[in-house]
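Enquirer: The structure is given below, and queries will be raised subsequently.
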Amino acid sequence: MKYVEVYIEHNTLSLNKTFTYACQQEVEVGCRVRVPFGNQELVGFVEKVTDTTTLENIKFVAEVIDSEPLLNEELLQLADYMSNHYVASKISCFKILLPPALRPQSNHEKIIYEEFVEKKDFVIPLTKRQQEIMDTLSFPMPATQFRKVAKSVAKTLIEKGVVQIVLKEKHRNLVEWAKDKEVELKPEQKMAIEKIQNGAENVYLLHGVTGSGKTEVFLQLALNVLREGKQVLFLVPEIGLTPMMIQRVSARFGQDIAIFHSRLSAQEKYDQYQLVKSNQVNIVVGTRSAVFMPFQNLGLILMDEEHDNSYKQDQMPRYHTRDIALKRAEYHRCKCVLASATPSLESYARAYKNVYKLVTLTKRINDSMPDIHVIDMRKEKARFGISQTLEQAMRNRFAKNEQVILLLNRRGYIPIVRCQDCQEVLLCPDCGIALSYHKKENACICHICGNSYPFTNTCPKCKGHSFFQTGMGTEKLEELMKMIFPEQKIVRMDQDSTRRKNAHKTLLEEFEKDGDILLGTQMITKGLDFEKVTCVGIINADAALIRQDYRSSESAYQILEQASGRSGRGNQKGEVFIQTFQPEHFVIQSVMEHNYISFFNQEMKYRHLGWYPPYSFLCSIIFSSQKIEDSLRIAQDAKQFFKDCKVLGPIEISMRNKQRRVRLLLKANSIEILEHSVQAWVDIYSKKHRNVKMDINMHPMYVEE
């Protein structure tokens, strides 16, 4: 008889402890088990196995699901780190480490199998026809193909035991291969590769201007590691960048690649996971969840666009991919290269202090940065929100058969629906924020919770039928572009147009083949490399600057600089047109001069004055309940508890699911103090305040919710 300590499948922090069960079967740490819990059966994860226990009236494990552990020693240690560092339940960390088909939860996705036919050793005589069939076939083979070829004798061959039907996990090749072209390295690229390969440091920040060839540096570094028989991880922040990185990597290294991102089906994720676990592939390309792949011999981690906020998970455990990448690199004693044209302030500050090794690429491959034109919209005439200067520049580019990218970082048709008669704004009843009108669906949609409401063209307050048509999103911009440029082919990329599987790849291929205008949200600002794009227009550059968040300037700079970097990457000189009402803003000026250092120095002064990262460590705690009084009361109790931290708040923020929410923001000068204080509060909260929900976000990217 063994006794097992099990974390049950619920993520809540109040159940973040093990429960003891008796087990009559063989079981190891890291296996899933099915156990009784209350009046139901749940799936749990074995944390510890012992021979004795002092507890009485112990229930028995109903089923041992796995014959061997799902997680190795490294990943079990990683779960401990994540649980402590992000103050998250241990079971939520176990789940995130595994593909959906293997997660310790009752409703996990099932593994899909398909029938194969295998040849058996047989001595019975066969007819001439049966022997002919057996001689022409190659085993094992899919059962559907066997029945199609063998036809009338298939059933007989199976019944005689000549062949047998077996079930195998269904696999699908996700990589299309095309041969890569030879690339001649520039002197700066050669120097960067040499510094990283021969350097003694483990973490490198590759700061290269847009178009400087950072991806080629990645590929050269990967080649040397692969020659040593080790594995390489390529990380990209968004699914939209995955097809282009896969294309570059597969063209260079063939089909020895696993792909991992959120748009894959559960079976596809399982397939890719098993390819890595069984050492069948040496390269992984993926978004943030790819950082948890079960590497056996990891030799290099390459993290592209390291600044991007998509690397931060928005649900428990709220991990940052960069932290996990550094922990895995430390465990495998391999190098980790963080790359960006606009590094996060935290990363660049660490490089400045020699915590990371800074490697810089100052020149583009074509030695030509795009010219930046700042358009003062206080003075410029505009049509449909497009300045005359930008419109004329686009016409000039189309006349030369060149392409244009337009950035408008707001999706939908109209961002705010306001009644002209009574000024009422249509709000989401669950979140309390303004709904956006989407013309295609003729609906008002909340961009926070995703709820959709039919647009009746009637004001709920005054029953009027007149609404303002001010402001625009990408859907309306697309419509206006068709009016201004009826002859041009327009491709729109935003969250709405890329919902279907493989939509990112399809749209990008469509634009590259015969598109004239690519317009969209910030997903079109990163990693795209089209030689014919010579003009980039940024429609509303001020949108990011007016956010009430300590990272607003950093986010604005990154979006504007990255968008600018899409222009002029080929042989033709590029131009960028930034439409703004604040041309004197230091962010706009830094982008105009392509001067990251100027931006960094200015923004760090503001961060120092406000005691924000990288000068402090943050934690956002949100309390929510149906009554604002309950949320405020608990938040006040928490504020009194945090004696070792500076506390901002409590302050009421927008609702979620009709729950009234209150936020505290904690600041500390030590990460240990912050983690210890928050964990101590969790222990108190879980025992006393279960009627108020608490959401903890350690080291948040943004505090505006």
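Letters A, B, ... go to the chains of the structure tokens in the order shown; residues in each chain start at 1; ligands are counted from 1 in the same order.
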Give me the residues near Val203 of chain A as a PyMOL selection string, where near means some atom within 7 Å (using only C-alpha atoms) and where sequence neighbours in that chain fewer than 5 positions away do not count.
Expert: chain A and resi 335-337+356-357
Enquirer: Atoms to include: all heavy atoms. Write the selected residues as a CSV table (one decimal), in the first residue's frame.
Expert:
chain,number,residue,atom,x,y,z
A,335,LYS,N,22.9,29.1,-23.9
A,335,LYS,CA,22.7,30.6,-24.0
A,335,LYS,C,21.3,30.9,-24.4
A,335,LYS,O,20.6,30.2,-25.1
A,335,LYS,CB,23.7,31.1,-25.1
A,335,LYS,CG,25.2,30.9,-24.6
A,335,LYS,CD,26.2,31.4,-25.6
A,335,LYS,CE,27.6,31.3,-25.1
A,335,LYS,NZ,28.6,31.7,-26.0
A,336,CYS,N,20.9,32.1,-24.0
A,336,CYS,CA,19.6,32.7,-24.3
A,336,CYS,C,19.8,34.0,-24.9
A,336,CYS,O,20.5,34.9,-24.3
A,336,CYS,CB,18.7,32.8,-23.0
A,336,CYS,SG,17.1,33.5,-23.4
A,337,VAL,N,19.3,34.2,-26.1
A,337,VAL,CA,19.5,35.5,-26.8
A,337,VAL,C,18.1,36.2,-27.0
A,337,VAL,O,17.2,35.6,-27.5
A,337,VAL,CB,20.1,35.3,-28.3
A,337,VAL,CG1,20.3,36.6,-28.9
A,337,VAL,CG2,21.4,34.5,-28.2
A,356,TYR,N,23.0,41.4,-18.5
A,356,TYR,CA,22.9,40.8,-19.8
A,356,TYR,C,24.1,41.4,-20.6
A,356,TYR,O,24.6,42.5,-20.4
A,356,TYR,CB,21.7,41.1,-20.6
A,356,TYR,CG,20.4,40.7,-19.9
A,356,TYR,CD1,19.2,41.2,-20.4
A,356,TYR,CD2,20.3,39.8,-18.9
A,356,TYR,CE1,17.9,40.8,-19.8
A,356,TYR,CE2,19.1,39.4,-18.3
A,356,TYR,CZ,17.9,39.9,-18.8
A,356,TYR,OH,16.8,39.6,-18.2
A,357,LYS,N,24.6,40.6,-21.6
A,357,LYS,CA,25.6,41.1,-22.5
A,357,LYS,C,24.9,41.8,-23.7
A,357,LYS,O,24.1,41.1,-24.4
A,357,LYS,CB,26.5,39.9,-23.0
A,357,LYS,CG,27.6,40.3,-24.0
A,357,LYS,CD,28.6,41.3,-23.3
A,357,LYS,CE,29.7,41.6,-24.3
A,357,LYS,NZ,30.7,42.5,-23.7
Enquirer: Can you list, as a ChimeraX atom specification, every protein, DNA or RNA residue that comes within 12 Å of Ala222 of chain A when you count only C-alpha atoms, leaving out same-chain residues fewer than 3 positions away?
Expert: /A:193,196-197,215-219,225-234,249,252-253,282-285,298-302,334-337
Enquirer: Restricting it to N, CA, C and O atoms, dump the selection as a tab-separated table (two decimals), in the first residue's frame.
Expert:
chain	number	residue	atom	x	y	z
A	193	ILE	N	27.49	37.47	-34.24
A	193	ILE	CA	27.54	36.01	-34.12
A	193	ILE	C	28.78	35.58	-33.35
A	193	ILE	O	28.71	34.72	-32.46
A	196	ILE	N	28.47	36.34	-29.55
A	196	ILE	CA	27.55	35.46	-28.83
A	196	ILE	C	28.12	34.04	-28.74
A	196	ILE	O	28.08	33.41	-27.68
A	197	GLN	N	28.67	33.55	-29.83
A	197	GLN	CA	29.22	32.19	-29.83
A	197	GLN	C	30.41	32.04	-28.90
A	197	GLN	O	30.54	31.05	-28.18
A	215	THR	N	17.20	38.03	-37.65
A	215	THR	CA	16.77	36.65	-37.89
A	215	THR	C	17.89	35.82	-38.49
A	215	THR	O	18.08	34.65	-38.14
A	216	GLU	N	18.68	36.41	-39.39
A	216	GLU	CA	19.81	35.68	-39.96
A	216	GLU	C	20.85	35.36	-38.90
A	216	GLU	O	21.47	34.28	-38.92
A	217	VAL	N	21.06	36.27	-37.97
A	217	VAL	CA	21.95	35.99	-36.84
A	217	VAL	C	21.41	34.80	-36.05
A	217	VAL	O	22.17	33.89	-35.67
A	218	PHE	N	20.10	34.77	-35.81
A	218	PHE	CA	19.46	33.64	-35.14
A	218	PHE	C	19.77	32.33	-35.86
A	218	PHE	O	20.17	31.33	-35.25
A	219	LEU	N	19.58	32.33	-37.18
A	219	LEU	CA	19.74	31.11	-37.95
A	219	LEU	C	21.18	30.61	-37.93
A	219	LEU	O	21.44	29.40	-37.84
A	225	VAL	N	24.70	25.25	-33.10
A	225	VAL	CA	24.21	24.43	-31.98
A	225	VAL	C	23.69	23.09	-32.50
A	225	VAL	O	23.92	22.04	-31.90
A	226	LEU	N	22.97	23.13	-33.63
A	226	LEU	CA	22.44	21.89	-34.21
A	226	LEU	C	23.56	20.94	-34.62
A	226	LEU	O	23.42	19.72	-34.53
A	227	ARG	N	24.67	21.50	-35.08
A	227	ARG	CA	25.82	20.66	-35.45
A	227	ARG	C	26.37	19.90	-34.25
A	227	ARG	O	27.01	18.85	-34.41
A	228	GLU	N	26.13	20.43	-33.05
A	228	GLU	CA	26.57	19.76	-31.83
A	228	GLU	C	25.57	18.71	-31.36
A	228	GLU	O	25.76	18.07	-30.33
A	229	GLY	N	24.47	18.55	-32.12
A	229	GLY	CA	23.46	17.56	-31.76
A	229	GLY	C	22.50	18.02	-30.69
A	229	GLY	O	21.82	17.20	-30.07
A	230	LYS	N	22.42	19.34	-30.46
A	230	LYS	CA	21.55	19.87	-29.42
A	230	LYS	C	20.29	20.50	-30.02
A	230	LYS	O	20.20	20.71	-31.23
A	231	GLN	N	19.33	20.83	-29.15
A	231	GLN	CA	18.05	21.37	-29.58
A	231	GLN	C	18.04	22.90	-29.50
A	231	GLN	O	18.75	23.50	-28.69
A	232	VAL	N	17.18	23.51	-30.34
A	232	VAL	CA	17.08	24.96	-30.41
A	232	VAL	C	15.61	25.36	-30.30
A	232	VAL	O	14.73	24.74	-30.92
A	233	LEU	N	15.34	26.40	-29.51
A	233	LEU	CA	13.99	26.94	-29.36
A	233	LEU	C	13.93	28.35	-29.94
A	233	LEU	O	14.67	29.23	-29.51
A	234	PHE	N	13.06	28.55	-30.95
A	234	PHE	CA	12.78	29.87	-31.50
A	234	PHE	C	11.44	30.35	-30.94
A	234	PHE	O	10.42	29.70	-31.15
A	249	VAL	N	13.00	29.20	-40.96
A	249	VAL	CA	13.71	28.10	-40.28
A	249	VAL	C	13.65	26.82	-41.09
A	249	VAL	O	14.66	26.11	-41.26
A	252	ARG	N	15.86	26.77	-44.10
A	252	ARG	CA	17.28	26.62	-43.79
A	252	ARG	C	17.59	25.20	-43.30
A	252	ARG	O	18.64	24.65	-43.63
A	253	PHE	N	16.70	24.62	-42.50
A	253	PHE	CA	17.04	23.36	-41.83
A	253	PHE	C	16.16	22.18	-42.23
A	253	PHE	O	16.31	21.09	-41.68
A	282	ASN	N	14.79	18.55	-33.52
A	282	ASN	CA	15.77	19.32	-32.77
A	282	ASN	C	15.46	20.81	-32.74
A	282	ASN	O	16.18	21.58	-32.09
A	283	ILE	N	14.41	21.24	-33.44
A	283	ILE	CA	14.06	22.65	-33.50
A	283	ILE	C	12.59	22.82	-33.15
A	283	ILE	O	11.73	22.07	-33.63
A	284	VAL	N	12.29	23.80	-32.31
A	284	VAL	CA	10.91	24.16	-31.99
A	284	VAL	C	10.71	25.64	-32.31
A	284	VAL	O	11.52	26.48	-31.93
A	285	VAL	N	9.63	25.93	-33.04
A	285	VAL	CA	9.24	27.31	-33.33
A	285	VAL	C	7.85	27.52	-32.75
A	285	VAL	O	6.94	26.74	-33.03
A	298	LEU	N	18.60	20.81	-24.59
A	298	LEU	CA	18.43	22.16	-25.12
A	298	LEU	C	19.78	22.88	-25.18
A	298	LEU	O	20.50	22.95	-24.19
A	299	GLY	N	20.09	23.42	-26.37
A	299	GLY	CA	21.39	24.07	-26.55
A	299	GLY	C	21.34	25.56	-26.79
A	299	GLY	O	22.36	26.25	-26.68
A	300	LEU	N	20.14	26.12	-27.10
A	300	LEU	CA	20.04	27.54	-27.41
A	300	LEU	C	18.58	27.97	-27.39
A	300	LEU	O	17.71	27.28	-27.91
A	301	ILE	N	18.32	29.15	-26.78
A	301	ILE	CA	16.99	29.76	-26.80
A	301	ILE	C	17.11	31.11	-27.49
A	301	ILE	O	17.92	31.95	-27.10
A	302	LEU	N	16.28	31.32	-28.51
A	302	LEU	CA	16.26	32.56	-29.27
A	302	LEU	C	14.88	33.19	-29.14
A	302	LEU	O	13.88	32.60	-29.58
A	334	CYS	N	22.73	26.59	-21.25
A	334	CYS	CA	22.83	27.04	-22.63
A	334	CYS	C	22.61	28.54	-22.70
A	334	CYS	O	22.22	29.17	-21.72
A	335	LYS	N	22.86	29.11	-23.85
A	335	LYS	CA	22.74	30.56	-24.02
A	335	LYS	C	21.31	30.93	-24.42
A	335	LYS	O	20.62	30.18	-25.11
A	336	CYS	N	20.91	32.11	-23.96
A	336	CYS	CA	19.60	32.66	-24.29
A	336	CYS	C	19.83	34.03	-24.92
A	336	CYS	O	20.47	34.89	-24.32
A	337	VAL	N	19.30	34.21	-26.13
A	337	VAL	CA	19.47	35.48	-26.85
A	337	VAL	C	18.12	36.17	-26.95
A	337	VAL	O	17.18	35.63	-27.55
Enquirer: Name the residues in contact with His447 of chain A at a cut-off of 8 Å, using only C-alpha atoms, excluding same-chain residues fewer than 4 positions from it; report them as a list in words.
Expert: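 The residues that qualify are Leu435, Ser436 and Asn451 of chain A.
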Enquirer: Quick one: everything within 10 Å of Lys48 of chain A, counting only C-alpha atoms, minus sequence neighbours fewer than 4 positions away in the same chain. Send it as an mmCIF file with N, CA, C and O atoms, in the first residue's frame.
Expert:
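part24.cif was written with the following content:
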data_model
loop_
_atom_site.group_PDB
_atom_site.id
_atom_site.type_symbol
_atom_site.label_atom_id
_atom_site.label_comp_id
_atom_site.auth_asym_id
_atom_site.auth_seq_id
_atom_site.Cartn_x
_atom_site.Cartn_y
_atom_site.Cartn_z
ATOM 1 N N TYR A 3 0.843 5.666 -0.199
ATOM 2 C CA TYR A 3 0.030 6.855 0.064
ATOM 3 C C TYR A 3 0.555 7.987 -0.812
ATOM 4 O O TYR A 3 1.772 8.204 -0.901
ATOM 5 N N VAL A 4 -0.371 8.662 -1.472
ATOM 6 C CA VAL A 4 0.034 9.712 -2.415
ATOM 7 C C VAL A 4 -0.553 11.050 -1.978
ATOM 8 O O VAL A 4 -1.691 11.124 -1.495
ATOM 9 N N GLU A 5 0.258 12.089 -2.136
ATOM 10 C CA GLU A 5 -0.210 13.450 -1.901
ATOM 11 C C GLU A 5 -0.499 14.076 -3.257
ATOM 12 O O GLU A 5 0.372 14.104 -4.136
ATOM 13 N N VAL A 6 -1.722 14.552 -3.407
ATOM 14 C CA VAL A 6 -2.236 14.918 -4.724
ATOM 15 C C VAL A 6 -2.735 16.362 -4.731
ATOM 16 O O VAL A 6 -3.443 16.797 -3.821
ATOM 17 N N TYR A 7 -2.345 17.104 -5.766
ATOM 18 C CA TYR A 7 -2.971 18.396 -6.061
ATOM 19 C C TYR A 7 -4.168 18.126 -6.965
ATOM 20 O O TYR A 7 -4.011 17.553 -8.049
ATOM 21 N N THR A 18 -1.908 19.847 -0.990
ATOM 22 C CA THR A 18 -2.095 18.452 -1.387
ATOM 23 C C THR A 18 -3.122 17.769 -0.485
ATOM 24 O O THR A 18 -3.307 18.147 0.678
ATOM 25 N N THR A 20 -4.266 13.742 0.716
ATOM 26 C CA THR A 20 -3.661 12.419 0.821
ATOM 27 C C THR A 20 -4.667 11.322 0.498
ATOM 28 O O THR A 20 -5.811 11.346 0.980
ATOM 29 N N VAL A 27 2.476 3.726 -8.697
ATOM 30 C CA VAL A 27 2.326 5.112 -9.136
ATOM 31 C C VAL A 27 3.598 5.877 -8.792
ATOM 32 O O VAL A 27 4.270 5.575 -7.795
ATOM 33 N N GLU A 28 3.929 6.865 -9.617
ATOM 34 C CA GLU A 28 5.116 7.681 -9.403
ATOM 35 C C GLU A 28 4.744 9.155 -9.329
ATOM 36 O O GLU A 28 3.668 9.573 -9.798
ATOM 37 N N VAL A 29 5.656 9.931 -8.756
ATOM 38 C CA VAL A 29 5.493 11.384 -8.748
ATOM 39 C C VAL A 29 5.421 11.879 -10.189
ATOM 40 O O VAL A 29 6.188 11.437 -11.047
ATOM 41 N N GLY A 30 4.472 12.769 -10.457
ATOM 42 C CA GLY A 30 4.337 13.304 -11.811
ATOM 43 C C GLY A 30 3.297 12.604 -12.645
ATOM 44 O O GLY A 30 3.113 12.931 -13.816
#
Enquirer: Neighbours of segment 597-607 of chain A within 12 Å (only C-alpha atoms; same-chain residues fewer than 5 positions away dropped), as a tab-separated table (two decimals) with N, CA and C atoms, in the first residue's frame?
Expert:
chain	number	residue	atom	x	y	z
A	207	HIS	N	20.32	43.97	-29.68
A	207	HIS	CA	19.57	45.19	-30.03
A	207	HIS	C	19.96	45.59	-31.44
A	209	VAL	N	18.54	47.53	-35.10
A	209	VAL	CA	17.51	48.35	-35.74
A	209	VAL	C	16.67	47.47	-36.65
A	341	ALA	N	14.32	45.39	-31.81
A	341	ALA	CA	14.72	46.73	-32.23
A	341	ALA	C	14.32	47.76	-31.18
A	342	THR	N	13.38	47.36	-30.32
A	342	THR	CA	12.88	48.26	-29.26
A	342	THR	C	12.83	47.49	-27.95
A	343	PRO	N	13.95	47.17	-27.35
A	343	PRO	CA	13.96	46.33	-26.15
A	343	PRO	C	13.12	46.94	-25.02
A	344	SER	N	12.59	46.06	-24.17
A	344	SER	CA	11.91	46.55	-22.97
A	344	SER	C	12.91	47.30	-22.11
A	345	LEU	N	12.42	48.28	-21.36
A	345	LEU	CA	13.32	49.06	-20.51
A	345	LEU	C	14.02	48.18	-19.49
A	346	GLU	N	13.30	47.16	-18.99
A	346	GLU	CA	13.91	46.27	-18.01
A	346	GLU	C	15.11	45.53	-18.60
A	347	SER	N	14.94	45.02	-19.83
A	347	SER	CA	16.03	44.27	-20.46
A	347	SER	C	17.21	45.18	-20.79
A	348	TYR	N	16.92	46.36	-21.32
A	348	TYR	CA	18.03	47.24	-21.69
A	348	TYR	C	18.75	47.75	-20.45
A	349	ALA	N	18.00	47.97	-19.36
A	349	ALA	CA	18.64	48.40	-18.11
A	349	ALA	C	19.56	47.31	-17.58
A	352	TYR	N	22.57	47.40	-19.64
A	352	TYR	CA	23.34	48.60	-19.28
A	352	TYR	C	24.19	48.33	-18.04
A	362	THR	N	23.67	48.25	-35.68
A	362	THR	CA	23.28	49.66	-35.86
A	362	THR	C	22.82	49.99	-37.28
A	549	ASP	N	-1.33	54.75	-18.13
A	549	ASP	CA	-0.54	53.62	-17.67
A	549	ASP	C	0.93	54.02	-17.68
A	550	TYR	N	1.68	53.51	-16.74
A	550	TYR	CA	3.09	53.91	-16.65
A	550	TYR	C	3.90	53.44	-17.85
A	551	ARG	N	3.40	52.47	-18.61
A	551	ARG	CA	4.10	51.98	-19.79
A	551	ARG	C	3.60	52.61	-21.09
A	552	SER	N	2.74	53.61	-21.01
A	552	SER	CA	2.13	54.13	-22.24
A	552	SER	C	3.18	54.67	-23.21
A	553	SER	N	4.16	55.40	-22.72
A	553	SER	CA	5.18	55.96	-23.61
A	553	SER	C	6.04	54.85	-24.22
A	554	GLU	N	6.40	53.86	-23.41
A	554	GLU	CA	7.20	52.74	-23.91
A	554	GLU	C	6.44	51.97	-24.98
A	555	SER	N	5.16	51.69	-24.70
A	555	SER	CA	4.34	50.97	-25.67
A	555	SER	C	4.19	51.77	-26.96
A	556	ALA	N	3.97	53.07	-26.83
A	556	ALA	CA	3.82	53.93	-28.01
A	556	ALA	C	5.09	53.93	-28.84
A	557	TYR	N	6.23	54.08	-28.18
A	557	TYR	CA	7.50	54.09	-28.92
A	557	TYR	C	7.71	52.78	-29.66
A	558	GLN	N	7.44	51.67	-28.98
A	558	GLN	CA	7.66	50.37	-29.60
A	558	GLN	C	6.77	50.16	-30.82
A	561	GLU	N	7.95	52.70	-33.71
A	561	GLU	CA	9.25	52.35	-34.27
A	561	GLU	C	9.17	51.04	-35.05
A	585	HIS	N	6.06	65.68	-28.90
A	585	HIS	CA	6.20	64.68	-27.84
A	585	HIS	C	7.53	63.94	-28.01
A	586	PHE	N	8.21	63.67	-26.89
A	586	PHE	CA	9.54	63.07	-26.97
A	586	PHE	C	9.51	61.69	-27.61
A	587	VAL	N	8.40	60.97	-27.50
A	587	VAL	CA	8.29	59.67	-28.16
A	587	VAL	C	8.30	59.85	-29.68
A	588	ILE	N	7.51	60.79	-30.16
A	588	ILE	CA	7.45	61.06	-31.60
A	588	ILE	C	8.82	61.51	-32.10
A	589	GLN	N	9.48	62.36	-31.35
A	589	GLN	CA	10.79	62.86	-31.75
A	589	GLN	C	11.83	61.74	-31.78
A	590	SER	N	11.76	60.83	-30.81
A	590	SER	CA	12.71	59.71	-30.78
A	590	SER	C	12.51	58.78	-31.97
A	591	VAL	N	11.25	58.54	-32.33
A	591	VAL	CA	10.95	57.70	-33.49
A	591	VAL	C	11.43	58.39	-34.76
A	592	MET	N	11.20	59.68	-34.83
A	592	MET	CA	11.60	60.45	-36.01
A	592	MET	C	13.11	60.33	-36.26
A	612	TYR	N	8.77	53.26	-10.66
A	612	TYR	CA	8.20	52.16	-11.42
A	612	TYR	C	9.34	51.30	-12.00
A	613	PRO	N	9.01	50.06	-12.43
A	613	PRO	CA	10.04	49.20	-13.01
A	613	PRO	C	10.80	49.91	-14.12
A	614	PRO	N	12.12	49.71	-14.21
A	614	PRO	CA	12.93	48.71	-13.48
A	614	PRO	C	13.44	49.15	-12.12
A	615	TYR	N	12.92	50.26	-11.57
A	615	TYR	CA	13.39	50.73	-10.26
A	615	TYR	C	12.62	50.11	-9.11
A	616	SER	N	11.57	49.38	-9.40
A	616	SER	CA	10.79	48.71	-8.35
A	616	SER	C	10.17	47.45	-8.93
A	617	PHE	N	9.58	46.66	-8.05
A	617	PHE	CA	8.85	45.46	-8.47
A	617	PHE	C	7.38	45.67	-8.14
Enquirer: Can you tell me which residues surround Leu137 of chain A at a distance of at most 10 Å, considering only C-alpha atoms, apart from same-chain residues fewer than 4 positions away, and format the answer as a VMD selection string?
Expert: chain A and resid 119 132 to 133 141 146 149 to 150
Enquirer: Kindly export the residues of the current selection with all heavy atoms, as a CSV table (one decimal), in the first residue's frame.
Expert:
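In the end it all went to out_8.csv:
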chain,number,residue,atom,x,y,z
A,119,LYS,N,1.8,-6.3,-40.6
A,119,LYS,CA,2.0,-7.7,-41.1
A,119,LYS,C,2.4,-8.6,-39.9
A,119,LYS,O,3.2,-8.2,-39.1
A,119,LYS,CB,3.1,-7.7,-42.2
A,119,LYS,CG,3.3,-9.1,-42.8
A,119,LYS,CD,4.3,-9.0,-43.9
A,119,LYS,CE,4.6,-10.3,-44.6
A,119,LYS,NZ,5.6,-10.2,-45.6
A,132,GLU,N,-0.4,-12.3,-54.0
A,132,GLU,CA,-0.1,-11.1,-54.8
A,132,GLU,C,-0.3,-9.8,-54.1
A,132,GLU,O,0.6,-8.9,-54.1
A,132,GLU,CB,-0.9,-11.2,-56.1
A,132,GLU,CG,-0.6,-12.2,-57.1
A,132,GLU,CD,-1.5,-12.2,-58.3
A,132,GLU,OE1,-2.5,-11.5,-58.2
A,132,GLU,OE2,-1.2,-13.0,-59.2
A,133,ILE,N,-1.4,-9.8,-53.3
A,133,ILE,CA,-1.7,-8.5,-52.6
A,133,ILE,C,-0.6,-8.3,-51.5
A,133,ILE,O,-0.1,-7.2,-51.3
A,133,ILE,CB,-3.1,-8.6,-51.9
A,133,ILE,CG1,-4.2,-8.6,-53.0
A,133,ILE,CG2,-3.3,-7.5,-50.9
A,133,ILE,CD1,-4.3,-7.2,-53.7
A,141,MET,N,0.7,0.2,-42.8
A,141,MET,CA,0.0,1.2,-43.7
A,141,MET,C,-1.4,1.5,-43.1
A,141,MET,O,-1.9,0.7,-42.3
A,141,MET,CB,-0.1,0.6,-45.1
A,141,MET,CG,-1.0,-0.7,-45.1
A,141,MET,SD,-1.0,-1.4,-46.8
A,141,MET,CE,-1.6,0.0,-47.8
A,146,PHE,N,-5.3,0.1,-46.9
A,146,PHE,CA,-5.2,-1.3,-47.0
A,146,PHE,C,-6.6,-1.9,-47.6
A,146,PHE,O,-6.6,-2.7,-48.5
A,146,PHE,CB,-4.9,-1.9,-45.7
A,146,PHE,CG,-5.0,-3.4,-45.6
A,146,PHE,CD1,-4.0,-4.2,-46.2
A,146,PHE,CD2,-6.1,-4.1,-45.1
A,146,PHE,CE1,-4.1,-5.6,-46.2
A,146,PHE,CE2,-6.2,-5.5,-45.0
A,146,PHE,CZ,-5.2,-6.2,-45.6
A,149,VAL,N,-6.9,-1.0,-51.3
A,149,VAL,CA,-6.1,-1.7,-52.2
A,149,VAL,C,-6.4,-3.2,-52.2
A,149,VAL,O,-6.5,-3.9,-53.3
A,149,VAL,CB,-4.6,-1.5,-51.9
A,149,VAL,CG1,-3.7,-2.4,-52.8
A,149,VAL,CG2,-4.2,-0.1,-52.0
A,150,ALA,N,-6.6,-3.8,-51.0
A,150,ALA,CA,-6.8,-5.3,-50.9
A,150,ALA,C,-8.3,-5.6,-51.3
A,150,ALA,O,-8.5,-6.8,-51.7
A,150,ALA,CB,-6.5,-5.7,-49.5
Enquirer: Out of A:Val33, A:Ile445, A:Leu167, A:Met483, which residue has the shortest atom-to-atom distance to Ser106 of chain A when counting only C-alpha atoms?
Expert: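 Selected residue with least distance to Ser106 of chain A: A:Val33.
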Enquirer: Enumerate, in order of chain and increasing residue number, the residues of segment 552-635 of chain A with an atom no farther than 12 Å from segment 392-399 of chain A, each with its shortest atom pair and distance in Å to one decimal, counting only C-alpha atoms, as JSON lines.
Expert:
{"residue": "A:Ser567", "atom": "CA", "partner": "A:Arg397", "partner_atom": "CA", "distance": 11.7}
{"residue": "A:Gly568", "atom": "CA", "partner": "A:Arg397", "partner_atom": "CA", "distance": 11.6}
{"residue": "A:Gln572", "atom": "CA", "partner": "A:Arg397", "partner_atom": "CA", "distance": 10.5}
{"residue": "A:Lys573", "atom": "CA", "partner": "A:Arg397", "partner_atom": "CA", "distance": 10.9}
{"residue": "A:Gly574", "atom": "CA", "partner": "A:Arg397", "partner_atom": "CA", "distance": 10.0}
{"residue": "A:Glu575", "atom": "CA", "partner": "A:Ala393", "partner_atom": "CA", "distance": 8.7}
{"residue": "A:Val576", "atom": "CA", "partner": "A:Ala393", "partner_atom": "CA", "distance": 9.6}
{"residue": "A:Phe577", "atom": "CA", "partner": "A:Ala393", "partner_atom": "CA", "distance": 8.9}
Enquirer: How would the residues just picked look written out with N, CA and C atoms as a compact mmCIF listing (two decimals), in the first residue's frame?
Expert:
# COMPACT_ATOMS: atom_id res chain seq x y z
N SER A 567 8.96 49.65 -43.53
CA SER A 567 9.12 50.37 -44.80
C SER A 567 10.56 50.34 -45.30
N GLY A 568 10.71 50.17 -46.60
CA GLY A 568 12.02 50.28 -47.24
C GLY A 568 13.00 49.19 -46.89
N GLN A 572 14.26 49.68 -52.68
CA GLN A 572 13.72 51.02 -52.80
C GLN A 572 13.75 51.75 -51.45
N LYS A 573 13.98 53.03 -51.49
CA LYS A 573 13.98 53.86 -50.28
C LYS A 573 12.58 53.91 -49.68
N GLY A 574 12.50 53.81 -48.37
CA GLY A 574 11.21 53.81 -47.70
C GLY A 574 10.87 55.14 -47.05
N GLU A 575 9.55 55.33 -46.85
CA GLU A 575 9.05 56.51 -46.16
C GLU A 575 8.02 56.10 -45.12
N VAL A 576 7.93 56.91 -44.07
CA VAL A 576 6.95 56.68 -43.02
C VAL A 576 6.25 58.01 -42.72
N PHE A 577 4.92 57.96 -42.60
CA PHE A 577 4.13 59.16 -42.33
C PHE A 577 3.37 58.95 -41.03
